[in-house]
Amino acid sequence: EVQLQASGGGLVQAGGSLRLSCTTSGFNFADYAIAWFRQAPGKEREGVSLISTSDGTTRYADSVKGRFTISSDVAENTVYLQMNSLKPEDTAVYYCAAVRFWVGVLVHPFSREYDYWGQGTQVTVSS
């Protein structure tokens, strides 16, 4: 059974930090890219960051570049999202998702169909 378990969300003040974790099982981690998406109330879901677990190549949405860092631990089948300098507009439910990797994933990382999704974790940034 494929599972993606997102955790680490919470309430933080603006300027603070959080680290999200996406723990996976049930598929070959190294064959997939893992992405973080978020959805704020009344807004469409948007891609935040992606990592190719095989070689560590990353992609970021412009809105989080320089503030968020994605990383992976192949031994633990886990992807992390370190979020620094958080802003109230980062408030959303954050989801992790997996897509079988090929080079095309890096071209349009967030506008494609993903194979597996986890449940969300709430991030709330107060002003």
# chains A, B, ... in the order shown; residues from 1 in each chain; ligands from 1

$ residues_around --residues "Thr121 in chain A" --least-positions-apart "3" --cutoff "9 Å" --atoms "only C-alpha atoms" --output "PyMOL selection string"
chain A and resi 6-10+20+92-95

$ atom_distance --atom1 "CA of Gly120 in chain A" --atom2 "CA of Cys96 in chain A"
7.4 Å

$ closest_residue --among "A:Asn28, A:Gln39, A:Gln82, A:Gln122" --to "Val64 in chain A" --atoms "only C-alpha atoms"
A:Gln82

$ closest_residue --among "A:Ser63, A:Gln3, A:Ser21, A:Thr124" --to "Pro41 in chain A" --atoms "only C-alpha atoms"
A:Thr124

$ select_by_dssp --residues "chain A" --states "strand (DSSP E or B)" --output "count of residues only"
64

$ closest_residue --among "A:Met83, A:Leu106, A:Leu50, A:Ala98" --to "Val12 in chain A" --atoms "only C-alpha atoms"
A:Met83

$ decode --residues "range 2-44 of chain A" --atoms "N, CA and C atoms" --output "JSON list (two decimals), in the first residue's frame"
[["chain", "number", "residue", "atom", "x", "y", "z"],
["A", 2, "VAL", "N", 0.62, 2.14, -0.93],
["A", 2, "VAL", "CA", 1.37, 3.39, -1.01],
["A", 2, "VAL", "C", 0.87, 4.35, 0.06],
["A", 3, "GLN", "N", 1.82, 4.96, 0.76],
["A", 3, "GLN", "CA", 1.47, 5.96, 1.76],
["A", 3, "GLN", "C", 2.43, 7.14, 1.69],
["A", 4, "LEU", "N", 1.89, 8.33, 1.78],
["A", 4, "LEU", "CA", 2.67, 9.55, 1.96],
["A", 4, "LEU", "C", 2.07, 10.24, 3.18],
["A", 5, "GLN", "N", 2.89, 10.45, 4.18],
["A", 5, "GLN", "CA", 2.43, 11.03, 5.44],
["A", 5, "GLN", "C", 3.12, 12.36, 5.66],
["A", 6, "ALA", "N", 2.36, 13.43, 5.55],
["A", 6, "ALA", "CA", 2.89, 14.77, 5.78],
["A", 6, "ALA", "C", 2.72, 15.14, 7.24],
["A", 7, "SER", "N", 3.73, 15.78, 7.79],
["A", 7, "SER", "CA", 3.66, 16.21, 9.18],
["A", 7, "SER", "C", 4.54, 17.43, 9.38],
["A", 8, "GLY", "N", 4.42, 18.04, 10.56],
["A", 8, "GLY", "CA", 5.28, 19.17, 10.90],
["A", 8, "GLY", "C", 4.62, 20.53, 10.84],
["A", 9, "GLY", "N", 3.38, 20.58, 10.42],
["A", 9, "GLY", "CA", 2.70, 21.85, 10.36],
["A", 9, "GLY", "C", 2.42, 22.40, 11.75],
["A", 10, "GLY", "N", 1.97, 23.64, 11.79],
["A", 10, "GLY", "CA", 1.64, 24.26, 13.06],
["A", 10, "GLY", "C", 1.40, 25.74, 12.91],
["A", 11, "LEU", "N", 1.37, 26.40, 14.05],
["A", 11, "LEU", "CA", 1.16, 27.85, 14.11],
["A", 11, "LEU", "C", 2.48, 28.52, 14.45],
["A", 12, "VAL", "N", 2.84, 29.51, 13.64],
["A", 12, "VAL", "CA", 4.11, 30.21, 13.84],
["A", 12, "VAL", "C", 3.91, 31.68, 13.52],
["A", 13, "GLN", "N", 4.69, 32.52, 14.15],
["A", 13, "GLN", "CA", 4.61, 33.95, 13.86],
["A", 13, "GLN", "C", 5.37, 34.27, 12.58],
["A", 14, "ALA", "N", 4.99, 35.35, 11.96],
["A", 14, "ALA", "CA", 5.68, 35.80, 10.76],
["A", 14, "ALA", "C", 7.18, 35.96, 11.06],
["A", 15, "GLY", "N", 7.98, 35.51, 10.12],
["A", 15, "GLY", "CA", 9.43, 35.52, 10.30],
["A", 15, "GLY", "C", 9.98, 34.24, 10.89],
["A", 16, "GLY", "N", 9.09, 33.38, 11.36],
["A", 16, "GLY", "CA", 9.51, 32.14, 11.97],
["A", 16, "GLY", "C", 9.77, 31.04, 10.97],
["A", 17, "SER", "N", 10.04, 29.84, 11.49],
["A", 17, "SER", "CA", 10.39, 28.70, 10.65],
["A", 17, "SER", "C", 9.60, 27.46, 11.05],
["A", 18, "LEU", "N", 9.42, 26.59, 10.09],
["A", 18, "LEU", "CA", 8.86, 25.27, 10.31],
["A", 18, "LEU", "C", 9.55, 24.31, 9.37],
["A", 19, "ARG", "N", 9.60, 23.03, 9.75],
["A", 19, "ARG", "CA", 10.09, 22.00, 8.85],
["A", 19, "ARG", "C", 9.02, 20.94, 8.70],
["A", 20, "LEU", "N", 8.59, 20.77, 7.47],
["A", 20, "LEU", "CA", 7.62, 19.74, 7.14],
["A", 20, "LEU", "C", 8.34, 18.45, 6.73],
["A", 21, "SER", "N", 7.73, 17.33, 7.04],
["A", 21, "SER", "CA", 8.25, 16.03, 6.64],
["A", 21, "SER", "C", 7.20, 15.29, 5.82],
["A", 22, "CYS", "N", 7.66, 14.56, 4.83],
["A", 22, "CYS", "CA", 6.80, 13.68, 4.03],
["A", 22, "CYS", "C", 7.43, 12.30, 4.06],
["A", 23, "THR", "N", 6.88, 11.44, 4.86],
["A", 23, "THR", "CA", 7.39, 10.08, 4.99],
["A", 23, "THR", "C", 6.61, 9.16, 4.06],
["A", 24, "THR", "N", 7.35, 8.38, 3.24],
["A", 24, "THR", "CA", 6.68, 7.59, 2.21],
["A", 24, "THR", "C", 6.95, 6.11, 2.39],
["A", 25, "SER", "N", 6.09, 5.30, 1.81],
["A", 25, "SER", "CA", 6.27, 3.86, 1.78],
["A", 25, "SER", "C", 5.42, 3.28, 0.67],
["A", 26, "GLY", "N", 5.76, 2.06, 0.26],
["A", 26, "GLY", "CA", 4.95, 1.34, -0.71],
["A", 26, "GLY", "C", 5.32, 1.55, -2.16],
["A", 27, "PHE", "N", 6.37, 2.32, -2.44],
["A", 27, "PHE", "CA", 6.84, 2.47, -3.82],
["A", 27, "PHE", "C", 8.34, 2.71, -3.77],
["A", 28, "ASN", "N", 8.99, 2.59, -4.93],
["A", 28, "ASN", "CA", 10.44, 2.75, -4.98],
["A", 28, "ASN", "C", 10.78, 4.23, -4.97],
["A", 29, "PHE", "N", 11.16, 4.70, -3.80],
["A", 29, "PHE", "CA", 11.40, 6.12, -3.55],
["A", 29, "PHE", "C", 12.33, 6.74, -4.60],
["A", 30, "ALA", "N", 13.37, 6.04, -4.97],
["A", 30, "ALA", "CA", 14.39, 6.59, -5.86],
["A", 30, "ALA", "C", 13.90, 6.76, -7.30],
["A", 31, "ASP", "N", 12.77, 6.18, -7.64],
["A", 31, "ASP", "CA", 12.23, 6.29, -8.99],
["A", 31, "ASP", "C", 11.26, 7.45, -9.15],
["A", 32, "TYR", "N", 11.06, 8.18, -8.07],
["A", 32, "TYR", "CA", 10.03, 9.22, -8.07],
["A", 32, "TYR", "C", 10.60, 10.58, -7.71],
["A", 33, "ALA", "N", 9.90, 11.61, -8.15],
["A", 33, "ALA", "CA", 10.10, 12.96, -7.65],
["A", 33, "ALA", "C", 8.99, 13.24, -6.65],
["A", 34, "ILE", "N", 9.36, 13.94, -5.61],
["A", 34, "ILE", "CA", 8.40, 14.30, -4.56],
["A", 34, "ILE", "C", 8.23, 15.82, -4.55],
["A", 35, "ALA", "N", 6.99, 16.24, -4.51],
["A", 35, "ALA", "CA", 6.70, 17.67, -4.52],
["A", 35, "ALA", "C", 5.84, 18.05, -3.32],
["A", 36, "TRP", "N", 5.95, 19.31, -2.97],
["A", 36, "TRP", "CA", 5.04, 19.91, -1.99],
["A", 36, "TRP", "C", 4.12, 20.87, -2.72],
["A", 37, "PHE", "N", 2.86, 20.78, -2.40],
["A", 37, "PHE", "CA", 1.84, 21.71, -2.88],
["A", 37, "PHE", "C", 1.19, 22.34, -1.66],
["A", 38, "ARG", "N", 0.49, 23.43, -1.89],
["A", 38, "ARG", "CA", -0.28, 24.04, -0.81],
["A", 38, "ARG", "C", -1.58, 24.59, -1.36],
["A", 39, "GLN", "N", -2.55, 24.68, -0.46],
["A", 39, "GLN", "CA", -3.84, 25.25, -0.83],
["A", 39, "GLN", "C", -4.36, 26.08, 0.32],
["A", 40, "ALA", "N", -4.55, 27.35, 0.04],
["A", 40, "ALA", "CA", -5.11, 28.27, 1.02],
["A", 40, "ALA", "C", -6.62, 28.34, 0.82],
["A", 41, "PRO", "N", -7.35, 28.72, 1.85],
["A", 41, "PRO", "CA", -8.81, 28.80, 1.73],
["A", 41, "PRO", "C", -9.22, 29.72, 0.59],
["A", 42, "GLY", "N", -10.10, 29.23, -0.26],
["A", 42, "GLY", "CA", -10.61, 30.02, -1.37],
["A", 42, "GLY", "C", -9.66, 30.18, -2.53],
["A", 43, "LYS", "N", -8.52, 29.50, -2.47],
["A", 43, "LYS", "CA", -7.54, 29.63, -3.55],
["A", 43, "LYS", "C", -7.27, 28.27, -4.18],
["A", 44, "GLU", "N", -6.74, 28.30, -5.38],
["A", 44, "GLU", "CA", -6.38, 27.06, -6.06],
["A", 44, "GLU", "C", -5.09, 26.49, -5.45]]
